[in-house]
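Colleague: Sharing work_26.cif below, mmCIF, C-alpha atoms:
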data_protein
loop_
_atom_site.group_PDB
_atom_site.id
_atom_site.type_symbol
_atom_site.label_atom_id
_atom_site.label_comp_id
_atom_site.auth_asym_id
_atom_site.auth_seq_id
_atom_site.Cartn_x
_atom_site.Cartn_y
_atom_site.Cartn_z
ATOM 1 C CA MET A 1 -17.124 3.218 -90.282
ATOM 2 C CA PRO A 2 -18.429 -0.365 -90.280
ATOM 3 C CA LYS A 3 -16.819 -2.554 -92.873
ATOM 4 C CA LYS A 4 -18.550 -5.117 -95.009
ATOM 5 C CA ILE A 5 -17.001 -8.175 -96.553
ATOM 6 C CA VAL A 6 -18.109 -8.555 -100.128
ATOM 7 C CA SER A 7 -17.299 -11.735 -101.969
ATOM 8 C CA PHE A 8 -17.718 -12.296 -105.674
ATOM 9 C CA ALA A 9 -16.856 -15.032 -108.102
ATOM 10 C CA LEU A 10 -14.875 -14.555 -111.295
ATOM 11 C CA SER A 11 -14.839 -16.876 -114.224
ATOM 12 C CA GLU A 12 -11.518 -18.417 -115.227
ATOM 13 C CA LYS A 13 -11.557 -16.280 -118.370
ATOM 14 C CA SER A 14 -11.825 -13.087 -116.322
ATOM 15 C CA ILE A 15 -8.971 -14.174 -114.067
ATOM 16 C CA GLU A 16 -6.831 -14.904 -117.117
ATOM 17 C CA GLN A 17 -7.752 -11.513 -118.557
ATOM 18 C CA ILE A 18 -6.803 -9.699 -115.349
ATOM 19 C CA ASP A 19 -3.566 -11.652 -115.169
ATOM 20 C CA LYS A 20 -2.715 -10.744 -118.766
ATOM 21 C CA ILE A 21 -3.454 -7.050 -118.220
ATOM 22 C CA SER A 22 -1.415 -6.857 -115.021
ATOM 23 C CA LYS A 23 1.470 -8.642 -116.761
ATOM 24 C CA ALA A 24 1.186 -6.310 -119.746
ATOM 25 C CA LEU A 25 1.276 -3.346 -117.400
ATOM 26 C CA GLY A 26 4.410 -4.874 -115.879
ATOM 27 C CA MET A 27 3.375 -3.898 -112.343
ATOM 28 C CA ASN A 28 5.884 -6.115 -110.571
ATOM 29 C CA ARG A 29 8.676 -5.490 -113.015
ATOM 30 C CA SER A 30 8.186 -1.752 -112.869
ATOM 31 C CA GLU A 31 8.383 -1.918 -109.068
ATOM 32 C CA LEU A 32 11.682 -3.783 -109.304
ATOM 33 C CA ILE A 33 13.039 -1.295 -111.816
ATOM 34 C CA GLU A 34 11.937 1.565 -109.571
ATOM 35 C CA LEU A 35 13.723 -0.112 -106.661
ATOM 36 C CA LEU A 36 16.957 -0.244 -108.660
ATOM 37 C CA VAL A 37 16.513 3.348 -109.855
ATOM 38 C CA ASN A 38 16.072 4.430 -106.233
ATOM 39 C CA LYS A 39 19.321 2.633 -105.377
ATOM 40 C CA GLY A 40 21.127 4.727 -108.008
ATOM 41 C CA PHE A 41 21.059 2.512 -111.089
ATOM 42 C CA HIS A 42 20.230 3.830 -114.547
ATOM 43 C CA PHE A 43 18.368 2.226 -117.405
ATOM 44 C CA SER A 44 18.151 3.154 -121.061
ATOM 45 C CA GLU A 45 15.812 6.083 -121.794
ATOM 46 C CA GLU A 46 13.195 3.794 -123.332
ATOM 47 C CA VAL A 47 12.961 1.685 -120.181
ATOM 48 C CA GLU A 48 12.823 4.687 -117.870
ATOM 49 C CA THR A 49 10.081 6.339 -119.988
ATOM 50 C CA ASN A 50 8.040 3.140 -119.903
ATOM 51 C CA VAL A 51 8.494 2.809 -116.149
ATOM 52 C CA ASN A 52 7.377 6.387 -115.640
ATOM 53 C CA LYS A 53 4.293 5.742 -117.785
ATOM 54 C CA ILE A 54 3.473 2.613 -115.805
ATOM 55 C CA SER A 55 3.914 4.517 -112.534
ATOM 56 C CA GLU A 56 1.522 7.203 -113.792
ATOM 57 C CA LEU A 57 -0.991 4.526 -114.807
ATOM 58 C CA GLN A 58 -0.686 2.922 -111.385
ATOM 59 C CA GLU A 59 -1.273 6.260 -109.677
ATOM 60 C CA LYS A 60 -4.329 6.950 -111.860
ATOM 61 C CA THR A 61 -5.716 3.492 -111.150
ATOM 62 C CA LYS A 62 -5.216 4.012 -107.422
ATOM 63 C CA GLU A 63 -6.992 7.373 -107.595
ATOM 64 C CA LYS A 64 -9.885 5.845 -109.514
ATOM 65 C CA ILE A 65 -10.258 3.051 -106.981
ATOM 66 C CA GLN A 66 -10.107 5.601 -104.149
ATOM 67 C CA LYS A 67 -12.784 7.776 -105.803
ATOM 68 C CA ARG A 68 -15.086 4.789 -106.282
ATOM 69 C CA ARG A 69 -14.652 3.832 -102.633
ATOM 70 C CA ASP A 70 -15.451 7.363 -101.495
ATOM 71 C CA MET B 1 16.620 -38.272 -79.820
ATOM 72 C CA PHE B 2 17.322 -38.681 -83.542
ATOM 73 C CA SER B 3 16.038 -35.186 -84.339
ATOM 74 C CA GLU B 4 18.203 -33.735 -81.557
ATOM 75 C CA MET B 5 21.281 -35.474 -82.958
ATOM 76 C CA TRP B 6 20.442 -34.294 -86.454
ATOM 77 C CA ASN B 7 20.022 -30.667 -85.345
ATOM 78 C CA PHE B 8 23.347 -30.926 -83.531
ATOM 79 C CA ILE B 9 25.152 -32.151 -86.653
ATOM 80 C CA ARG B 10 23.304 -29.936 -89.139
ATOM 81 C CA ALA B 11 24.289 -26.819 -87.240
ATOM 82 C CA ASN B 12 27.966 -27.677 -87.234
ATOM 83 C CA PHE B 13 30.074 -27.938 -90.367
ATOM 84 C CA LYS B 14 32.954 -29.818 -88.676
ATOM 85 C CA LYS B 15 30.634 -32.536 -87.416
ATOM 86 C CA ARG B 16 29.040 -32.868 -90.844
ATOM 87 C CA SER B 17 32.506 -33.285 -92.398
ATOM 88 C CA ILE B 18 33.347 -36.048 -89.891
ATOM 89 C CA LEU B 19 30.068 -37.742 -90.810
ATOM 90 C CA TYR B 20 30.959 -37.708 -94.539
ATOM 91 C CA ALA B 21 34.385 -39.197 -93.750
ATOM 92 C CA VAL B 22 32.863 -41.883 -91.490
ATOM 93 C CA ILE B 23 30.514 -42.997 -94.293
ATOM 94 C CA VAL B 24 33.299 -43.192 -96.890
ATOM 95 C CA TYR B 25 35.794 -44.975 -94.614
ATOM 96 C CA SER B 26 33.285 -47.386 -93.074
ATOM 97 C CA LEU B 27 32.195 -48.579 -96.548
ATOM 98 C CA THR B 28 35.819 -48.922 -97.682
ATOM 99 C CA ILE B 29 36.808 -50.908 -94.570
ATOM 100 C CA PHE B 30 33.612 -52.995 -94.715
ATOM 101 C CA GLY B 31 34.323 -53.936 -98.337
ATOM 102 C CA SER B 32 38.013 -54.620 -98.025
ATOM 103 C CA PHE B 33 38.625 -56.061 -94.518
ATOM 104 C CA PRO B 34 38.739 -59.870 -94.435
ATOM 105 C CA THR B 35 37.419 -60.496 -90.890
ATOM 106 C CA LEU B 36 33.652 -60.937 -90.633
ATOM 107 C CA GLU B 37 33.328 -59.295 -87.173
ATOM 108 C CA VAL B 38 35.142 -56.165 -88.357
ATOM 109 C CA LYS B 39 32.977 -56.107 -91.484
ATOM 110 C CA LEU B 40 29.787 -56.245 -89.403
ATOM 111 C CA ALA B 41 31.009 -53.528 -87.032
ATOM 112 C CA PHE B 42 31.731 -51.180 -89.923
ATOM 113 C CA LEU B 43 28.458 -52.116 -91.614
ATOM 114 C CA LEU B 44 26.602 -50.975 -88.478
ATOM 115 C CA MET B 45 28.691 -47.817 -88.326
ATOM 116 C CA PHE B 46 27.903 -47.140 -91.998
ATOM 117 C CA PHE B 47 24.145 -47.431 -91.526
ATOM 118 C CA ALA B 48 24.151 -45.322 -88.357
ATOM 119 C CA ALA B 49 26.087 -42.550 -90.113
ATOM 120 C CA SER B 50 23.909 -42.860 -93.238
ATOM 121 C CA GLY B 51 20.775 -42.384 -91.139
ATOM 122 C CA LEU B 52 22.115 -38.989 -90.104
ATOM 123 C CA PHE B 53 23.569 -38.139 -93.498
ATOM 124 C CA MET B 54 20.495 -38.702 -95.665
ATOM 125 C CA PRO B 55 18.341 -35.920 -94.121
ATOM 126 C CA ILE B 56 21.326 -33.541 -94.361
ATOM 127 C CA TYR B 57 21.835 -34.443 -98.021
ATOM 128 C CA ALA B 58 18.106 -34.097 -98.693
ATOM 129 C CA THR B 59 18.180 -30.552 -97.246
ATOM 130 C CA GLN B 60 21.128 -29.631 -99.481
ATOM 131 C CA PHE B 61 19.480 -31.218 -102.505
ATOM 132 C CA LEU B 62 16.234 -29.339 -101.848
ATOM 133 C CA SER B 63 18.168 -26.089 -101.627
ATOM 134 C CA LYS B 64 19.646 -26.757 -105.118
ATOM 135 C CA LEU B 65 16.200 -27.687 -106.379
ATOM 136 C CA GLN B 66 14.833 -24.445 -104.937
ATOM 137 C CA GLN B 67 17.430 -22.514 -106.979
ATOM 138 C CA ILE B 68 16.126 -24.133 -110.172
ATOM 139 C CA LEU B 69 12.466 -23.616 -109.269
ATOM 140 C CA LEU B 70 13.082 -19.983 -108.363
ATOM 141 C CA TYR B 71 14.987 -19.520 -111.620
ATOM 142 C CA ARG B 72 11.945 -20.709 -113.534
ATOM 143 C CA LYS B 73 9.771 -18.195 -111.679
ATOM 144 C CA ARG B 74 12.212 -15.295 -112.060
ATOM 145 C CA LYS B 75 11.010 -11.848 -113.073
ATOM 146 C CA MET B 76 13.098 -10.667 -115.978
ATOM 147 C CA ILE B 77 14.034 -7.003 -115.968
ATOM 148 C CA PRO B 78 16.342 -4.996 -118.239
ATOM 149 C CA ILE B 79 19.976 -4.889 -117.113
ATOM 150 C CA PRO B 80 20.867 -1.492 -115.588
ATOM 151 C CA ASP B 81 23.662 0.366 -117.421
ATOM 152 C CA GLU B 82 26.033 0.240 -114.440
ATOM 153 C CA MET B 83 25.686 -3.525 -114.023
ATOM 154 C CA ARG B 84 26.200 -4.108 -117.753
ATOM 155 C CA GLU B 85 29.314 -1.909 -117.803
ATOM 156 C CA LEU B 86 30.793 -3.594 -114.727
ATOM 157 C CA ALA B 87 30.204 -7.095 -116.120
ATOM 158 C CA GLU B 88 31.759 -6.077 -119.440
ATOM 159 C CA ARG B 89 34.823 -4.629 -117.686
ATOM 160 C CA ILE B 90 35.252 -7.881 -115.754
ATOM 161 C CA GLY B 91 34.765 -9.936 -118.905
ATOM 162 C CA GLY B 92 31.855 -11.925 -117.474
ATOM 163 C CA SER B 93 28.824 -10.415 -119.201
ATOM 164 C CA PHE B 94 25.436 -11.907 -118.515
ATOM 165 C CA LYS B 95 22.580 -11.950 -120.991
ATOM 166 C CA GLU B 96 19.635 -11.679 -118.616
ATOM 167 C CA LEU B 97 18.863 -10.315 -115.194
ATOM 168 C CA GLY B 98 16.252 -12.199 -113.208
ATOM 169 C CA ILE B 99 14.847 -11.286 -109.814
ATOM 170 C CA VAL B 100 13.599 -13.937 -107.378
ATOM 171 C CA LYS B 101 12.357 -13.995 -103.827
ATOM 172 C CA GLY B 102 14.202 -15.767 -101.034
ATOM 173 C CA TYR B 103 17.762 -16.170 -102.344
ATOM 174 C CA ASN B 104 20.854 -13.923 -102.275
ATOM 175 C CA ALA B 105 22.371 -14.258 -105.737
ATOM 176 C CA TYR B 106 23.491 -16.919 -108.168
ATOM 177 C CA VAL B 107 24.302 -17.545 -111.802
ATOM 178 C CA MET B 108 22.362 -19.978 -113.962
ATOM 179 C CA GLY B 109 23.920 -20.334 -117.399
ATOM 180 C CA LYS B 110 24.311 -16.746 -118.581
ATOM 181 C CA THR B 111 21.555 -15.384 -116.363
ATOM 182 C CA LEU B 112 22.338 -13.418 -113.236
ATOM 183 C CA VAL B 113 19.703 -14.093 -110.593
ATOM 184 C CA LEU B 114 19.423 -11.606 -107.737
ATOM 185 C CA GLY B 115 17.191 -11.857 -104.701
ATOM 186 C CA LYS B 116 14.610 -9.118 -104.196
ATOM 187 C CA GLU B 117 15.525 -9.010 -100.505
ATOM 188 C CA THR B 118 19.206 -8.604 -101.449
ATOM 189 C CA LEU B 119 18.354 -5.599 -103.609
ATOM 190 C CA GLU B 120 16.285 -4.078 -100.821
ATOM 191 C CA GLN B 121 18.918 -4.726 -98.151
ATOM 192 C CA LEU B 122 22.074 -3.569 -99.957
ATOM 193 C CA ASP B 123 23.108 -0.160 -101.243
ATOM 194 C CA PHE B 124 24.368 0.643 -104.754
ATOM 195 C CA ASN B 125 28.036 -0.275 -104.151
ATOM 196 C CA GLN B 126 27.187 -3.450 -102.259
ATOM 197 C CA ILE B 127 24.860 -4.601 -105.071
ATOM 198 C CA GLN B 128 27.645 -3.891 -107.570
ATOM 199 C CA ALA B 129 29.991 -6.006 -105.425
ATOM 200 C CA VAL B 130 27.525 -8.918 -105.596
ATOM 201 C CA VAL B 131 27.207 -8.452 -109.376
ATOM 202 C CA ALA B 132 31.019 -8.387 -109.706
ATOM 203 C CA HIS B 133 31.316 -11.612 -107.674
ATOM 204 C CA GLU B 134 28.776 -13.393 -109.876
ATOM 205 C CA SER B 135 30.371 -11.976 -113.053
ATOM 206 C CA GLY B 136 33.651 -13.445 -111.799
ATOM 207 C CA HIS B 137 31.986 -16.883 -111.779
ATOM 208 C CA ILE B 138 30.825 -16.316 -115.385
ATOM 209 C CA LYS B 139 34.204 -14.988 -116.552
ATOM 210 C CA GLU B 140 36.164 -17.983 -115.285
ATOM 211 C CA LYS B 141 33.459 -20.501 -116.261
ATOM 212 C CA HIS B 142 33.216 -21.874 -112.739
ATOM 213 C CA GLY B 143 30.168 -23.986 -113.613
ATOM 214 C CA LEU B 144 32.220 -25.925 -116.174
ATOM 215 C CA PHE B 145 35.215 -26.100 -113.810
ATOM 216 C CA ARG B 146 32.964 -27.584 -111.109
ATOM 217 C CA PHE B 147 31.600 -30.192 -113.534
ATOM 218 C CA VAL B 148 35.075 -31.287 -114.707
ATOM 219 C CA ALA B 149 36.310 -31.458 -111.102
ATOM 220 C CA MET B 150 33.282 -33.563 -110.173
ATOM 221 C CA VAL B 151 33.940 -36.066 -112.990
ATOM 222 C CA LEU B 152 37.640 -36.328 -112.108
ATOM 223 C CA LEU B 153 36.925 -36.756 -108.397
ATOM 224 C CA LEU B 154 34.381 -39.475 -109.181
ATOM 225 C CA LEU B 155 37.089 -41.616 -110.773
ATOM 226 C CA ILE B 156 38.770 -42.272 -107.403
ATOM 227 C CA PRO B 157 35.893 -44.110 -105.668
ATOM 228 C CA TRP B 158 34.788 -45.570 -108.997
ATOM 229 C CA TYR B 159 38.107 -47.395 -109.174
ATOM 230 C CA SER B 160 38.606 -48.229 -105.493
ATOM 231 C CA TRP B 161 35.030 -49.336 -104.728
ATOM 232 C CA SER B 162 34.805 -51.610 -107.759
ATOM 233 C CA LYS B 163 36.904 -54.155 -105.832
ATOM 234 C CA LEU B 164 34.717 -54.292 -102.695
ATOM 235 C CA TYR B 165 33.464 -57.659 -101.566
ATOM 236 C CA SER B 166 30.797 -58.553 -99.062
ATOM 237 C CA PRO B 167 29.578 -61.671 -97.273
ATOM 238 C CA ILE B 168 26.207 -62.906 -98.520
ATOM 239 C CA PHE B 169 23.287 -61.574 -96.437
ATOM 240 C CA PHE B 170 20.278 -63.909 -96.809
ATOM 241 C CA THR B 171 20.363 -64.101 -100.639
ATOM 242 C CA GLU B 172 22.780 -62.983 -103.328
ATOM 243 C CA SER B 173 20.318 -60.567 -104.949
ATOM 244 C CA LEU B 174 19.475 -58.960 -101.588
ATOM 245 C CA THR B 175 23.178 -58.524 -100.897
ATOM 246 C CA GLN B 176 23.592 -56.947 -104.345
ATOM 247 C CA ILE B 177 20.753 -54.478 -103.678
ATOM 248 C CA MET B 178 22.172 -53.626 -100.260
ATOM 249 C CA LEU B 179 25.643 -53.017 -101.705
ATOM 250 C CA THR B 180 24.232 -50.820 -104.486
ATOM 251 C CA VAL B 181 22.383 -48.694 -101.925
ATOM 252 C CA MET B 182 25.478 -48.465 -99.715
ATOM 253 C CA VAL B 183 27.772 -47.467 -102.580
ATOM 254 C CA SER B 184 25.245 -44.852 -103.779
ATOM 255 C CA ILE B 185 25.030 -43.265 -100.315
ATOM 256 C CA ALA B 186 28.824 -43.333 -99.981
ATOM 257 C CA PHE B 187 29.168 -41.715 -103.439
ATOM 258 C CA LEU B 188 26.918 -38.838 -102.339
ATOM 259 C CA ALA B 189 28.855 -38.373 -99.092
ATOM 260 C CA TYR B 190 32.186 -38.571 -100.906
ATOM 261 C CA MET B 191 31.163 -36.039 -103.564
ATOM 262 C CA THR B 192 29.765 -33.609 -100.980
ATOM 263 C CA PHE B 193 33.027 -33.868 -99.028
ATOM 264 C CA ALA B 194 35.411 -33.841 -102.018
ATOM 265 C CA MET B 195 33.751 -30.831 -103.670
ATOM 266 C CA ILE B 196 34.114 -28.603 -100.567
ATOM 267 C CA PRO B 197 37.676 -27.372 -101.376
ATOM 268 C CA VAL B 198 36.728 -26.871 -105.042
ATOM 269 C CA ASN B 199 33.640 -24.828 -104.130
ATOM 270 C CA TRP B 200 35.527 -22.754 -101.583
ATOM 271 C CA TYR B 201 38.404 -22.077 -103.978
ATOM 272 C CA LEU B 202 36.004 -20.854 -106.673
ATOM 273 C CA GLU B 203 34.153 -18.580 -104.218
ATOM 274 C CA ILE B 204 37.435 -17.039 -103.052
ATOM 275 C CA ARG B 205 38.482 -16.483 -106.686
ATOM 276 C CA ALA B 206 35.148 -14.758 -107.450
ATOM 277 C CA ASP B 207 35.592 -12.579 -104.329
ATOM 278 C CA ARG B 208 39.072 -11.579 -105.489
ATOM 279 C CA ILE B 209 37.782 -10.605 -108.934
ATOM 280 C CA ALA B 210 35.025 -8.547 -107.302
ATOM 281 C CA ALA B 211 37.504 -6.865 -104.950
ATOM 282 C CA ARG B 212 39.718 -5.898 -107.899
ATOM 283 C CA PHE B 213 36.859 -4.254 -109.781
ATOM 284 C CA VAL B 214 34.689 -2.686 -107.078
ATOM 285 C CA GLY B 215 37.202 -2.319 -104.260
ATOM 286 C CA LYS B 216 37.830 -4.344 -101.104
ATOM 287 C CA GLU B 217 35.628 -2.184 -98.895
ATOM 288 C CA HIS B 218 32.461 -2.759 -100.948
ATOM 289 C CA ILE B 219 32.779 -6.534 -101.188
ATOM 290 C CA ARG B 220 33.590 -6.584 -97.458
ATOM 291 C CA SER B 221 30.532 -4.543 -96.522
ATOM 292 C CA ALA B 222 28.304 -6.604 -98.865
ATOM 293 C CA LEU B 223 29.503 -9.848 -97.233
ATOM 294 C CA LEU B 224 28.915 -8.454 -93.747
ATOM 295 C CA ALA B 225 25.453 -7.168 -94.682
ATOM 296 C CA LEU B 226 24.404 -10.480 -96.268
ATOM 297 C CA GLY B 227 25.954 -12.527 -93.492
ATOM 298 C CA SER B 228 24.465 -10.495 -90.665
ATOM 299 C CA SER B 229 21.853 -13.160 -89.935
ATOM 300 C CA GLN B 230 24.309 -16.062 -89.786
ATOM 301 C CA LYS B 231 27.438 -17.015 -87.848
ATOM 302 C CA LEU B 232 30.478 -15.374 -89.435
ATOM 303 C CA ASP B 233 32.772 -18.303 -88.566
ATOM 304 C CA GLU B 234 30.474 -21.065 -89.833
ATOM 305 C CA PRO B 235 31.285 -22.307 -93.341
ATOM 306 C CA SER B 236 29.005 -24.391 -95.523
ATOM 307 C CA GLU B 237 29.683 -27.056 -98.155
ATOM 308 C CA ASP B 238 29.310 -24.406 -100.886
ATOM 309 C CA HIS B 239 30.923 -21.346 -99.317
ATOM 310 C CA PRO B 240 33.806 -20.696 -96.928
ATOM 311 C CA SER B 241 32.905 -18.810 -93.752
ATOM 312 C CA ILE B 242 32.368 -15.059 -94.079
ATOM 313 C CA SER B 243 35.323 -14.417 -91.750
ATOM 314 C CA GLU B 244 37.590 -16.572 -93.965
ATOM 315 C CA ARG B 245 36.392 -14.752 -97.079
ATOM 316 C CA LEU B 246 37.070 -11.395 -95.400
ATOM 317 C CA LYS B 247 40.558 -12.623 -94.432
ATOM 318 C CA GLN B 248 41.290 -13.693 -98.020
ATOM 319 C CA ILE B 249 40.077 -10.355 -99.392
ATOM 320 C CA GLU B 250 42.319 -8.566 -96.893
ATOM 321 C CA LYS B 251 45.355 -10.555 -98.101
ATOM 322 C CA LEU B 252 44.750 -9.512 -101.705
ATOM 323 C CA LYS B 253 47.222 -6.980 -103.094
ATOM 324 C CA LEU B 254 45.495 -4.629 -105.534
#
Represent the supplied structure as structure tokens.

Modeller:
Amino acid sequence: MPKKIVSFALSEKSIEQIDKISKALGMNRSELIELLVNKGFHFSEEVETNVNKISELQEKTKEKIQKRRD
Amino acid sequence: MFSEMWNFIRANFKKRSILYAVIVYSLTIFGSFPTLEVKLAFLLMFFAASGLFMPIYATQFLSKLQQILLYRKRKMIPIPDEMRELAERIGGSFKELGIVKGYNAYVMGKTLVLGKETLEQLDFNQIQAVVAHESGHIKEKHGLFRFVAMVLLLLIPWYSWSKLYSPIFFTESLTQIMLTVMVSIAFLAYMTFAMIPVNWYLEIRADRIAARFVGKEHIRSALLALGSSQKLDEPSEDHPSISERLKQIEKLKL
């Protein structure tokens, strides 16, 4: 399938917004926590519940992006 | 030619130590020997050694600066239960856990900073060994110990170099500037050299604490895993060689 490069410009406000949302979702932090959980560490229930929720959200987002691509 | 010489010295701890000693002694002899010819010979020796020392010092300084910059960019995550319990048992609890990229592990105030690569590379017990080592630094307040040692060690050159005298080069003010620069360089070399035994002693103490709480085998395997990319026999100004640390852990009676 031939691929196309699409470029688009975002305003600074949009970039800030995206940055805020990704930080609020704690994408990077949740990955780090998952890494430690996989190594055998345990966190308080609250943290683990939140991480699970974030993982679910990530999965859903990935699925949505995949669907849009298809 | 200069870069070749620098690479040769940078890669070898013994040669770096000789360089520090040459700088300190050449300034002392230059400032205290009465004969002009001897003074000039040691002045030349001082500047030649300083030319090699300054890039080495700059590299070490940048590495410290990198620690601070990484600390500012750290990703804070909650402290896992096992790490918290271990630190509490040791008596060196930390308040925060920060993750950075591109560094093994260090303590900044009451924050434990772990490298992402370290977490990926090590298993549960090895990570706990690293945490125990860093908690050992917190428990025994090694940061404060280092600072006090530094101040005390500074008193020696402060006293002995206050009596240096130099012939006048061109003008008095130029000579004054030159002497200030020389003494500053020699101070840096002296402190780097004088702090080596202090740094090594504190690292060995932290290793011993870790070995007591997580077991010799885990601290040993963590050291070997983290040191796999470097020479085991090569020490640095901050840490003894991995082989020496392993030897010291082996000697420990639990």

Colleague: Up to 12 Å from chain A, what residues of chain B turn up? Count all atoms listed in the file and give them as a VMD selection string.

Modeller: chain B and resid 74 to 85 97 to 101 114 to 128

Colleague: Please, what distance in Å, to one decimal, runs between CA of Pro235 in chain B and CA of Leu70 in chain B?

Modeller: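 That distance, rounded to one decimal, is 23.7 Å.
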
Colleague: Quote the spacing between CA of Ile156 in chain B and CA of Phe187 in chain B in Å to one decimal place.

Modeller: 10.4 Å

Colleague: Please report the interatomic distance between CA of Leu155 in chain B and CA of Ile196 in chain B in Å with one decimal.

Modeller: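 Separation between CA of Leu155 in chain B and CA of Ile196 in chain B: 16.8 Å.
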
Colleague: Report as a PyMOL selection string the full result of the PyMOL selection byres ((chain B and resi 160) around 12) when it is applied to this structure.

Modeller: chain B and resi 24-25+27-29+31-32+153-159+161-165+183+187

Colleague: Using 3 Å of padding on each side, determine the axis-aligned box around all atoms of range 26-30 of chain B present in the file and give its centre and edge lengths in Å to one decimal, as JSON.

Modeller:
{"center_x": 34.5, "center_y": -50.2, "center_z": -95.4, "size_x": 10.6, "size_y": 11.6, "size_z": 10.6}

Colleague: Evaluated on this file, the PyMOL selection byres ((chain A and resi 54-62) around 9) picks out some residues - which ones are they, written as a PyMOL selection string?

Modeller: chain A and resi 25-27+30-31+49-53+63-67

Colleague: If you count all atoms listed in the file, which residues fall within 12 Å of range 132-136 of chain B, apart from same-chain ones fewer than 6 positions away, as a PyMOL selection string?

Modeller: chain B and resi 82-95+97+104-114+125-126+142-143+202-216+218-220+222-223

Colleague: Using only C-alpha atoms for the distances, tell me which of B:Pro167, B:His137, B:Lys64, B:Glu96 is nearest to Pro34 in chain B.

Modeller: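 Ranking B:Pro167, B:His137, B:Lys64, B:Glu96 by distance to Pro34 in chain B, first place goes to B:Pro167.
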
Colleague: Complete range 39-51 of chain A at the level of N, CA and C atoms, written as a PDB file, keeping the file's coordinate frame.

Modeller:
ATOM      1  N   LYS A  39      18.004   2.983-105.936  1.00  0.00           N
ATOM      2  CA  LYS A  39      19.321   2.633-105.377  1.00  0.00           C
ATOM      3  C   LYS A  39      20.460   3.346-106.120  1.00  0.00           C
ATOM      4  N   GLY A  40      20.122   3.966-107.265  1.00  0.00           N
ATOM      5  CA  GLY A  40      21.127   4.727-108.008  1.00  0.00           C
ATOM      6  C   GLY A  40      21.494   4.133-109.356  1.00  0.00           C
ATOM      7  N   PHE A  41      20.766   3.107-109.783  1.00  0.00           N
ATOM      8  CA  PHE A  41      21.059   2.512-111.089  1.00  0.00           C
ATOM      9  C   PHE A  41      20.325   3.272-112.200  1.00  0.00           C
ATOM     10  N   HIS A  42      20.856   3.155-113.402  1.00  0.00           N
ATOM     11  CA  HIS A  42      20.230   3.830-114.547  1.00  0.00           C
ATOM     12  C   HIS A  42      19.884   2.819-115.631  1.00  0.00           C
ATOM     13  N   PHE A  43      18.788   3.081-116.291  1.00  0.00           N
ATOM     14  CA  PHE A  43      18.368   2.226-117.405  1.00  0.00           C
ATOM     15  C   PHE A  43      18.357   3.062-118.678  1.00  0.00           C
ATOM     16  N   SER A  44      18.219   2.400-119.805  1.00  0.00           N
ATOM     17  CA  SER A  44      18.151   3.154-121.061  1.00  0.00           C
ATOM     18  C   SER A  44      16.904   4.043-121.015  1.00  0.00           C
ATOM     19  N   GLU A  45      16.919   5.108-121.817  1.00  0.00           N
ATOM     20  CA  GLU A  45      15.812   6.083-121.794  1.00  0.00           C
ATOM     21  C   GLU A  45      14.453   5.420-122.018  1.00  0.00           C
ATOM     22  N   GLU A  46      14.445   4.478-122.966  1.00  0.00           N
ATOM     23  CA  GLU A  46      13.195   3.794-123.332  1.00  0.00           C
ATOM     24  C   GLU A  46      12.581   3.107-122.114  1.00  0.00           C
ATOM     25  N   VAL A  47      13.445   2.404-121.366  1.00  0.00           N
ATOM     26  CA  VAL A  47      12.961   1.685-120.181  1.00  0.00           C
ATOM     27  C   VAL A  47      12.442   2.668-119.136  1.00  0.00           C
ATOM     28  N   GLU A  48      13.228   3.743-118.915  1.00  0.00           N
ATOM     29  CA  GLU A  48      12.823   4.687-117.870  1.00  0.00           C
ATOM     30  C   GLU A  48      11.512   5.392-118.245  1.00  0.00           C
ATOM     31  N   THR A  49      11.335   5.710-119.543  1.00  0.00           N
ATOM     32  CA  THR A  49      10.081   6.339-119.988  1.00  0.00           C
ATOM     33  C   THR A  49       8.910   5.393-119.731  1.00  0.00           C
ATOM     34  N   ASN A  50       9.116   4.122-120.102  1.00  0.00           N
ATOM     35  CA  ASN A  50       8.040   3.140-119.903  1.00  0.00           C
ATOM     36  C   ASN A  50       7.683   2.985-118.427  1.00  0.00           C
ATOM     37  N   VAL A  51       8.735   2.955-117.589  1.00  0.00           N
ATOM     38  CA  VAL A  51       8.494   2.809-116.149  1.00  0.00           C
ATOM     39  C   VAL A  51       7.709   4.003-115.610  1.00  0.00           C
TER      40      VAL A  51
END
